[in-house]
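Asks: Here you go, query37.tsv (TSV, C-alpha atoms):
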```tsv
chain	number	residue	atom	x	y	z
A	1	MET	CA	-26.55	-0.64	9.10
A	2	GLN	CA	-29.09	-1.07	11.89
A	3	ALA	CA	-28.78	-0.02	15.50
A	4	ALA	CA	-28.82	-3.71	16.43
A	5	ASP	CA	-25.59	-4.22	14.42
A	6	LEU	CA	-23.69	-1.60	16.40
A	7	GLU	CA	-22.37	-3.93	19.10
A	8	GLN	CA	-20.80	-6.20	16.48
A	9	VAL	CA	-19.22	-3.24	14.69
A	10	VAL	CA	-17.74	-2.09	18.02
A	11	ASP	CA	-16.44	-5.65	18.55
A	12	ILE	CA	-14.80	-5.82	15.12
A	13	ASP	CA	-13.10	-2.45	15.60
A	14	ALA	CA	-11.99	-3.30	19.15
A	15	GLY	CA	-10.62	-6.66	18.01
A	16	ILE	CA	-8.46	-4.95	15.39
A	17	THR	CA	-7.40	-1.76	17.16
A	18	GLY	CA	-7.38	-2.98	20.76
A	19	LEU	CA	-9.55	-0.02	21.75
A	20	ARG	CA	-13.24	-0.30	22.57
A	21	LYS	CA	-14.90	2.90	21.37
A	22	ALA	CA	-18.62	2.36	21.92
A	23	PRO	CA	-19.54	6.07	22.35
A	24	TYR	CA	-17.64	6.94	19.16
A	25	TRP	CA	-19.47	4.29	17.13
A	26	GLY	CA	-22.78	5.36	18.64
A	27	GLU	CA	-22.09	8.86	17.37
A	28	ILE	CA	-21.07	7.53	13.95
A	29	LEU	CA	-24.33	5.59	13.76
A	30	ARG	CA	-26.30	8.70	14.70
A	31	ARG	CA	-24.55	10.79	12.06
A	32	TYR	CA	-24.05	8.24	9.28
A	33	GLY	CA	-26.67	5.53	9.81
A	34	GLY	CA	-30.10	5.30	8.26
A	35	GLY	CA	-29.11	6.28	4.74
A	36	ARG	CA	-28.54	9.95	5.47
A	37	GLN	CA	-27.87	12.16	2.50
A	38	GLN	CA	-24.27	11.92	1.30
A	39	ARG	CA	-23.38	9.59	4.20
A	40	PHE	CA	-22.89	5.83	4.22
A	41	PHE	CA	-22.49	3.30	7.01
A	42	LEU	CA	-22.71	-0.14	5.43
A	43	VAL	CA	-22.18	-3.59	6.91
A	44	ALA	CA	-21.56	-7.03	5.44
A	45	ASP	CA	-24.20	-9.27	7.03
A	46	ARG	CA	-23.90	-13.04	6.76
A	47	SER	CA	-26.91	-14.69	8.40
A	48	GLY	CA	-27.01	-12.11	11.15
A	49	ARG	CA	-23.28	-12.08	11.75
A	50	ILE	CA	-21.68	-8.76	10.83
A	51	GLU	CA	-18.44	-9.63	9.02
A	52	GLY	CA	-17.29	-6.11	8.26
A	53	TYR	CA	-18.24	-2.49	7.78
A	54	VAL	CA	-17.40	0.58	5.77
A	55	VAL	CA	-18.10	4.22	6.60
A	56	GLY	CA	-17.76	7.25	4.40
A	57	ASP	CA	-19.39	10.27	2.89
A	58	VAL	CA	-19.33	12.73	0.04
A	59	ARG	CA	-17.61	15.95	1.05
A	60	ASP	CA	-18.02	19.12	-0.95
A	61	TRP	CA	-14.98	21.33	-1.44
A	62	GLU	CA	-13.19	19.95	1.57
A	63	PHE	CA	-9.48	20.84	1.42
A	64	GLY	CA	-10.33	22.80	-1.72
A	65	SER	CA	-11.28	19.64	-3.60
A	66	PRO	CA	-14.38	19.31	-5.80
A	67	PRO	CA	-17.01	17.00	-4.29
A	68	CYS	CA	-15.59	13.50	-3.82
A	69	GLY	CA	-16.24	10.38	-1.79
A	70	TRP	CA	-14.22	9.74	1.36
A	71	VAL	CA	-13.88	6.37	3.05
A	72	PHE	CA	-12.77	6.89	6.63
A	73	GLY	CA	-13.39	3.47	8.08
A	74	ILE	CA	-13.31	-0.07	6.71
A	75	ALA	CA	-12.70	-3.35	8.50
A	76	VAL	CA	-13.40	-7.06	8.19
A	77	ARG	CA	-13.26	-9.66	10.95
A	78	PRO	CA	-9.85	-11.39	10.77
A	79	ASP	CA	-11.50	-14.82	10.43
A	80	ALA	CA	-13.61	-13.61	7.50
A	81	ARG	CA	-10.80	-12.11	5.43
A	82	LEU	CA	-9.56	-13.23	2.00
A	83	GLY	CA	-13.14	-13.81	0.91
A	84	GLY	CA	-13.66	-10.55	-0.95
A	85	ILE	CA	-15.81	-8.91	1.75
A	86	ALA	CA	-13.77	-5.70	1.91
A	87	THR	CA	-13.89	-5.48	-1.88
A	88	GLN	CA	-17.70	-5.83	-1.80
A	89	LEU	CA	-17.97	-3.19	0.91
A	90	LEU	CA	-15.77	-0.77	-1.01
A	91	ASP	CA	-17.65	-1.47	-4.23
A	92	ALA	CA	-20.97	-0.83	-2.47
A	93	ILE	CA	-19.92	2.51	-1.00
A	94	CYS	CA	-18.36	3.55	-4.33
A	95	ASP	CA	-21.69	2.76	-6.03
A	96	GLY	CA	-23.33	5.08	-3.51
A	97	PHE	CA	-20.80	7.80	-4.27
A	98	ARG	CA	-21.41	7.39	-8.00
A	99	ARG	CA	-25.17	7.72	-7.50
A	100	LEU	CA	-24.45	11.07	-5.87
A	101	GLY	CA	-22.58	12.17	-8.96
A	102	VAL	CA	-18.99	12.04	-7.79
A	103	ASP	CA	-16.26	10.31	-9.76
A	104	LYS	CA	-13.45	10.14	-7.22
A	105	VAL	CA	-12.97	8.28	-3.94
A	106	ARG	CA	-10.29	9.05	-1.38
A	107	THR	CA	-9.10	7.73	1.91
A	108	LEU	CA	-6.40	8.51	4.45
A	109	LEU	CA	-4.52	6.08	6.62
A	110	ALA	CA	-1.34	5.58	8.57
A	111	ARG	CA	1.84	4.91	6.58
A	112	ASP	CA	2.56	1.81	8.66
A	113	ASN	CA	-0.90	0.29	8.14
A	114	GLN	CA	0.44	-2.02	5.46
A	115	LEU	CA	-2.55	-4.38	5.47
A	116	VAL	CA	-5.17	-1.76	4.69
A	117	LEU	CA	-2.83	0.26	2.45
A	118	SER	CA	-2.24	-2.89	0.39
A	119	PHE	CA	-5.97	-3.49	0.21
A	120	PHE	CA	-6.72	-0.01	-1.15
A	121	ARG	CA	-3.78	-0.32	-3.56
A	122	SER	CA	-5.17	-3.65	-4.80
A	123	GLN	CA	-8.41	-1.81	-5.57
A	124	GLY	CA	-6.55	0.53	-7.88
A	125	MET	CA	-6.15	3.47	-5.53
A	126	MET	CA	-3.08	5.63	-6.07
A	127	ALA	CA	-1.46	8.53	-4.21
A	128	ALA	CA	-3.79	11.53	-4.09
A	129	PRO	CA	-2.63	15.05	-4.96
A	130	SER	CA	-2.74	16.01	-1.29
A	131	ILE	CA	-0.24	15.68	1.54
A	132	PRO	CA	-1.40	15.27	5.13
A	133	LEU	CA	0.56	17.40	7.59
A	134	GLU	CA	0.63	17.60	11.38
A	135	LYS	CA	2.49	19.12	14.29
A	136	ASP	CA	2.69	18.63	18.01
A	137	LEU	CA	0.69	21.14	20.01
A	138	GLY	CA	2.78	20.76	23.13
B	1	MET	CA	14.66	7.11	-3.39
B	2	LYS	CA	16.36	6.46	-6.72
B	3	LEU	CA	16.47	2.82	-7.73
B	4	GLN	CA	19.58	1.26	-9.19
B	5	LYS	CA	19.61	-0.48	-12.54
B	6	ASN	CA	19.79	-3.92	-10.90
B	7	THR	CA	16.74	-3.17	-8.77
B	8	LEU	CA	14.68	-2.09	-11.76
B	9	LEU	CA	15.74	-5.19	-13.66
B	10	ALA	CA	14.78	-7.36	-10.68
B	11	LEU	CA	11.35	-5.72	-10.49
B	12	CYS	CA	10.76	-6.18	-14.22
B	13	SER	CA	11.86	-9.82	-14.02
B	14	VAL	CA	9.69	-10.66	-11.04
B	15	LEU	CA	6.70	-9.04	-12.74
B	16	GLU	CA	7.36	-11.05	-15.89
B	17	PHE	CA	7.25	-14.25	-13.84
B	18	ALA	CA	4.19	-13.06	-11.91
B	19	ALA	CA	2.33	-12.35	-15.13
B	20	ARG	CA	2.76	-15.98	-16.20
B	21	PRO	CA	2.26	-18.07	-13.08
B	22	GLY	CA	3.64	-21.58	-13.31
B	23	ALA	CA	5.36	-20.91	-16.62
B	24	ARG	CA	9.09	-21.29	-16.96
B	25	LEU	CA	10.75	-18.30	-18.56
B	26	ALA	CA	14.22	-18.30	-20.02
B	27	ALA	CA	16.51	-15.60	-18.68
B	28	ALA	CA	17.44	-14.80	-22.28
B	29	GLU	CA	13.80	-13.96	-23.06
B	30	ILE	CA	13.63	-11.39	-20.26
B	31	ALA	CA	17.07	-10.02	-21.06
B	32	GLU	CA	16.03	-9.45	-24.66
B	33	LYS	CA	12.73	-7.79	-23.73
B	34	TYR	CA	14.40	-5.31	-21.38
B	35	ARG	CA	17.53	-4.92	-23.52
B	36	MET	CA	19.83	-6.16	-20.76
B	37	SER	CA	22.86	-8.40	-20.97
B	38	PRO	CA	22.01	-12.02	-20.04
B	39	HIS	CA	25.10	-12.07	-17.84
B	40	HIS	CA	23.82	-9.06	-15.89
B	41	LEU	CA	20.37	-10.60	-15.55
B	42	ALA	CA	21.79	-13.91	-14.36
B	43	LYS	CA	23.35	-12.16	-11.37
B	44	VAL	CA	20.02	-10.49	-10.54
B	45	LEU	CA	18.17	-13.80	-10.84
B	46	ARG	CA	20.67	-15.49	-8.54
B	47	THR	CA	19.94	-12.87	-5.87
B	48	LEU	CA	16.19	-13.34	-6.35
B	49	GLY	CA	16.68	-17.11	-6.14
B	50	ARG	CA	18.67	-16.92	-2.91
B	51	ALA	CA	15.84	-14.85	-1.43
B	52	GLY	CA	13.32	-17.50	-2.45
B	53	LEU	CA	11.40	-15.24	-4.81
B	54	VAL	CA	12.21	-17.17	-7.99
B	55	ARG	CA	13.17	-20.77	-8.56
B	56	ALA	CA	15.41	-22.15	-11.28
B	57	ALA	CA	13.64	-24.90	-13.16
B	58	ARG	CA	15.63	-28.02	-13.96
B	59	GLY	CA	15.31	-30.19	-16.99
B	60	ALA	CA	14.97	-29.54	-20.67
B	61	GLY	CA	14.85	-25.86	-21.44
B	62	GLY	CA	15.52	-24.82	-17.86
B	63	GLY	CA	14.37	-21.31	-17.07
B	64	TYR	CA	12.91	-19.66	-14.00
B	65	ARG	CA	9.52	-19.31	-12.40
B	66	LEU	CA	8.09	-17.31	-9.53
B	67	ALA	CA	8.30	-18.98	-6.13
B	68	GLY	CA	6.48	-16.34	-4.10
B	69	ASN	CA	2.79	-15.50	-3.76
B	70	THR	CA	1.81	-12.60	-6.02
B	71	ARG	CA	-0.76	-11.44	-3.44
B	72	ARG	CA	1.85	-11.33	-0.70
B	73	VAL	CA	5.17	-10.33	-2.29
B	74	THR	CA	5.54	-6.56	-2.33
B	75	LEU	CA	7.78	-4.27	-4.34
B	76	MET	CA	9.74	-3.69	-1.15
B	77	ASP	CA	10.49	-7.43	-0.83
B	78	VAL	CA	12.37	-7.13	-4.13
B	79	ILE	CA	13.85	-3.67	-3.63
B	80	GLU	CA	15.40	-4.41	-0.24
B	81	LEU	CA	17.48	-7.18	-1.82
B	82	PHE	CA	19.33	-4.65	-3.95
B	83	GLU	CA	19.13	-1.32	-2.11
B	84	ASP	CA	20.26	-0.14	1.28
B	85	ILE	CA	16.91	0.80	2.77
B	86	SER	CA	18.09	1.32	6.33
B	87	ALA	CA	16.95	4.53	7.99
B	88	PRO	CA	18.55	7.41	6.12
B	89	LYS	CA	21.09	9.36	8.04
B	90	SER	CA	21.24	13.09	7.77
B	91	THR	CA	24.40	14.52	6.28
B	92	ALA	CA	25.33	15.79	9.69
B	93	ARG	CA	24.89	12.43	11.38
B	94	ARG	CA	26.71	10.63	8.60
B	95	THR	CA	29.82	12.71	8.97
B	96	GLY	CA	29.68	12.61	12.75
B	97	ARG	CA	31.35	14.62	15.46
B	98	ARG	CA	34.45	15.50	13.48
B	99	ALA	CA	32.37	17.15	10.79
B	100	LYS	CA	30.35	18.96	13.43
B	101	ALA	CA	33.50	20.43	14.86
B	102	GLU	CA	34.81	21.37	11.45
B	103	ALA	CA	31.69	22.80	9.94
B	104	GLY	CA	30.46	24.45	13.06
B	105	ALA	CA	27.22	24.09	14.93
B	106	ALA	CA	25.22	26.27	12.51
B	107	ALA	CA	26.10	24.12	9.50
B	108	PHE	CA	25.32	21.01	11.49
B	109	GLU	CA	21.86	22.28	12.30
B	110	VAL	CA	21.09	23.12	8.67
B	111	GLU	CA	22.32	19.75	7.46
B	112	ASP	CA	20.37	18.03	10.18
B	113	ALA	CA	17.16	19.81	9.15
B	114	ILE	CA	17.72	18.86	5.50
B	115	GLY	CA	18.18	15.29	6.68
B	116	VAL	CA	14.81	15.39	8.42
B	117	VAL	CA	13.08	16.40	5.18
B	118	LEU	CA	14.92	13.78	3.11
B	119	SER	CA	14.01	11.18	5.70
B	120	GLU	CA	10.33	12.19	5.40
B	121	ILE	CA	10.45	11.62	1.64
B	122	ASP	CA	12.20	8.29	2.13
B	123	GLU	CA	9.61	7.04	4.61
B	124	ILE	CA	6.78	7.83	2.20
B	125	ALA	CA	8.60	6.00	-0.59
B	126	LYS	CA	9.14	2.96	1.61
B	127	ALA	CA	5.50	2.87	2.71
B	128	THR	CA	4.49	3.02	-0.95
B	129	PHE	CA	6.74	0.13	-1.94
B	130	ARG	CA	5.53	-1.94	1.03
B	131	SER	CA	1.88	-1.44	0.12
B	132	ILE	CA	2.08	-2.59	-3.50
B	133	THR	CA	2.02	-6.33	-4.19
B	134	LEU	CA	3.01	-7.97	-7.44
B	135	GLU	CA	-0.66	-8.65	-8.15
B	136	THR	CA	-1.49	-4.98	-7.67
B	137	MET	CA	1.36	-4.06	-10.04
B	138	LEU	CA	0.03	-6.45	-12.67
B	139	LYS	CA	-3.38	-4.78	-12.39
B	140	LEU	CA	-1.69	-1.40	-12.81
B	141	VAL	CA	0.15	-2.59	-15.91
B	142	GLU	CA	-3.17	-3.86	-17.30
B	143	ARG	CA	-4.97	-0.59	-16.57
B	144	ARG	CA	-2.26	1.43	-18.28
B	145	ARG	CA	-2.35	-0.89	-21.28
B	146	ARG	CA	-6.05	-0.10	-21.92
```
With the file now loaded, output its structure as structure tokens.
Replies:
Amino acid sequence: MQAADLEQVVDIDAGITGLRKAPYWGEILRRYGGGRQQRFFLVADRSGRIEGYVVGDVRDWEFGSPPCGWVFGIAVRPDARLGGIATQLLDAICDGFRRLGVDKVRTLLARDNQLVLSFFRSQGMMAAPSIPLEKDLG
Amino acid sequence: MKLQKNTLLALCSVLEFAARPGARLAAAEIAEKYRMSPHHLAKVLRTLGRAGLVRAARGAGGGYRLAGNTRRVTLMDVIELFEDISAPKSTARRTGRRAKAEAGAAAFEVEDAIGVVLSEIDEIAKATFRSITLETMLKLVERRRR
């Protein structure tokens, strides 16, 4: 991931979520770009066109869990899907996690995000031994 | 969410067809493998056929084959044909005003709270079934075989 790719990453995310979050992605690039230790921000580049991205890191003892890889963002342009790009991105970040010595990858996403849930399921991911909880702070 | 016998049989059947794309399978073959009565299975296959998930093959030998796309059809597509998957109602809501009057407001509140928890479990189950395609299930079967 290069700084010059950022605009396209923002475009991909905005096209999917309907929200343009340029400052957020700038901060993600600052914190996760440039091959920082335990952090990954990878893009799928086809002749200069960014087709997708994946972001994640290795977290030590978060939520009481031994060090494991976390993927907290993955997306592929709608017109570039069904070509295995998301699989390649996930494989690449998992290779990075393995190089850091972890043997588990996790993610967290909305129950109604059937598209991405199905993708992770197709990659062999199963329910983790954790339950996300929340409450309104009103 | 506890699945009925018919639902489990439908899932097993659809996965049998998905594992052998294009092949025609005799209902008797599946019935024997899962130790089910052919008559029982025929009813399940008719439901799957009406939903467009399997197609009866004509001609010598007959049999059935999958009509859906294994990368698109989810477990929920099969389950919802056999189970009532509408939003679960809490005990209190199910029995309505009369029950509220009879049991009293305190009982209603407890039952309502139990309903909220059961609903939470149900929603997670539904999301799980919706996220797993037949192809993903076949991969899971393969992984567990190794």
Asks: Any idea what's packed within 9 Å of stretch 118-120 of chain A, counting all atoms listed in the file, ignoring anything in its chain fewer than 4 positions away? Could you give it as a PyMOL selection string?
Replies: (chain A and resi 86-87+107+113-114+124-126) or (chain B and resi 130-133+136)
Asks: Pull out every residue of chain A sitting within 8 Å of chain B, counting all atoms listed in the file, and send them as a PyMOL selection string.
Replies: chain A and resi 111-112+114-115+117-118+121-124
Asks: I want to know what sits within 9 Å of A:Ile85, based on all atoms listed in the file, with residues of the same chain fewer than 3 positions away left out; could you give that as a ChimeraX atom specification?
Replies: /A:44,51-52,76,80-82,88-90
Asks: Any idea what's packed within 12 Å of A:Gly35, counting all atoms listed in the file, ignoring anything in its chain fewer than 4 positions away? Could you give it as a PyMOL selection string?
Replies: chain A and resi 1-2+29-31+39-42+55-57+93+96
Asks: Measuring atom to atom with all atoms listed in the file, identify which of B:Ala105, B:Ala28, B:Leu75, B:Met36 is nearest to B:Leu11.
Replies: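 Checking each candidate against B:Leu11, we get B:Leu75 as the closest.
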Asks: Between A:Gln38, A:Cys68, A:Gly33, A:Ala75, which residue has the minimum interatomic distance to A:Thr17, considering all atoms listed in the file?
Replies: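 Result for the nearest residue to A:Thr17: A:Ala75.
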Asks: If I take atom CA of A:Arg99 and atom CA of A:Gln37, how far is one from the other in Å, to one decimal?
Replies: 11.3 Å
Asks: So that I can check the surroundings of B:Arg20, please list as an mmCIF file with C-alpha atoms, keeping the file's coordinate frame every protein, DNA and RNA residue that reaches within 9 Å of it, counting all atoms listed in the file and ignoring chain neighbours fewer than 4 positions away.
Replies:
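Result file follows (selection.cif):
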```
data_model
loop_
_atom_site.group_PDB
_atom_site.id
_atom_site.type_symbol
_atom_site.label_atom_id
_atom_site.label_comp_id
_atom_site.auth_asym_id
_atom_site.auth_seq_id
_atom_site.Cartn_x
_atom_site.Cartn_y
_atom_site.Cartn_z
ATOM 1 C CA LEU B 15 6.700 -9.040 -12.740
ATOM 2 C CA GLU B 16 7.360 -11.050 -15.890
ATOM 3 C CA ARG B 24 9.090 -21.290 -16.960
ATOM 4 C CA LEU B 25 10.750 -18.300 -18.560
ATOM 5 C CA ARG B 65 9.520 -19.310 -12.400
ATOM 6 C CA LEU B 66 8.090 -17.310 -9.530
#
```
Asks: So the first atom is atom CA of B:Leu53 and the second is atom CA of B:Gly68; what is the distance between them in Å, to one decimal place?
Replies: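 About the pair atom CA of B:Leu53 and atom CA of B:Gly68: they are 5.1 Å apart.
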Asks: Can you tell me, as a short mmCIF file (atom, residue, chain, number, x, y, z; two decimals) with C-alpha atoms, in the frame of the given file, what residues are no more than 12 Å from A:Ile131 when counting all atoms listed in the file, ignoring any on the same chain fewer than 2 positions away?
Replies:
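Output (part-v7.cif):
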```cif
data_model
loop_
_atom_site.label_atom_id
_atom_site.label_comp_id
_atom_site.auth_asym_id
_atom_site.auth_seq_id
_atom_site.Cartn_x
_atom_site.Cartn_y
_atom_site.Cartn_z
CA PHE A 63 -9.48 20.84 1.42
CA THR A 107 -9.10 7.73 1.91
CA LEU A 108 -6.40 8.51 4.45
CA LEU A 109 -4.52 6.08 6.62
CA ALA A 127 -1.46 8.53 -4.21
CA ALA A 128 -3.79 11.53 -4.09
CA PRO A 129 -2.63 15.05 -4.96
CA LEU A 133 0.56 17.40 7.59
CA GLU A 134 0.63 17.60 11.38
CA GLU B 120 10.33 12.19 5.40
CA ILE B 121 10.45 11.62 1.64
CA ILE B 124 6.78 7.83 2.20
#
```
Asks: List every protein, DNA or RNA residue that has an atom no more than 10 Å from (22.7, -11.0, -17.2) in the file's coordinate frame, counting all atoms listed in the file, and report them as number ranges by chain.
Replies: B: 6, 9, 27-28, 30-31, 36-46
Asks: Could those residues be written to a file, using C-alpha atoms, as a PDB file, keeping the file's coordinate frame?
Replies:
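The resulting file, again31.pdb, is reproduced below:
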```pdb
ATOM      1  CA  ASN B   6      19.790  -3.920 -10.900  1.00  0.00           C
ATOM      2  CA  LEU B   9      15.740  -5.190 -13.660  1.00  0.00           C
ATOM      3  CA  ALA B  27      16.510 -15.600 -18.680  1.00  0.00           C
ATOM      4  CA  ALA B  28      17.440 -14.800 -22.280  1.00  0.00           C
ATOM      5  CA  ILE B  30      13.630 -11.390 -20.260  1.00  0.00           C
ATOM      6  CA  ALA B  31      17.070 -10.020 -21.060  1.00  0.00           C
ATOM      7  CA  MET B  36      19.830  -6.160 -20.760  1.00  0.00           C
ATOM      8  CA  SER B  37      22.860  -8.400 -20.970  1.00  0.00           C
ATOM      9  CA  PRO B  38      22.010 -12.020 -20.040  1.00  0.00           C
ATOM     10  CA  HIS B  39      25.100 -12.070 -17.840  1.00  0.00           C
ATOM     11  CA  HIS B  40      23.820  -9.060 -15.890  1.00  0.00           C
ATOM     12  CA  LEU B  41      20.370 -10.600 -15.550  1.00  0.00           C
ATOM     13  CA  ALA B  42      21.790 -13.910 -14.360  1.00  0.00           C
ATOM     14  CA  LYS B  43      23.350 -12.160 -11.370  1.00  0.00           C
ATOM     15  CA  VAL B  44      20.020 -10.490 -10.540  1.00  0.00           C
ATOM     16  CA  LEU B  45      18.170 -13.800 -10.840  1.00  0.00           C
ATOM     17  CA  ARG B  46      20.670 -15.490  -8.540  1.00  0.00           C
TER      18      ARG B  46
END
```
Asks: Which of these residues is nearest to A:Ala110, using all atoms listed in the file: A:Pro132, A:Tyr24, A:Gly34, A:Leu137?
Replies: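 Result for the nearest residue to A:Ala110: A:Pro132.
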Asks: How far is it from atom CA of A:Ala3 to atom CA of A:Trp25, in Å with one decimal?
Replies: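 One can read the atom CA of A:Ala3 to atom CA of A:Trp25 distance as 10.4 Å.
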Asks: From the set A:Leu6, A:Val43, A:Pro78, A:Val71, which residue has the shortest atom-to-atom contact distance to A:Ala22, counting only C-alpha atoms?
Replies: A:Leu6
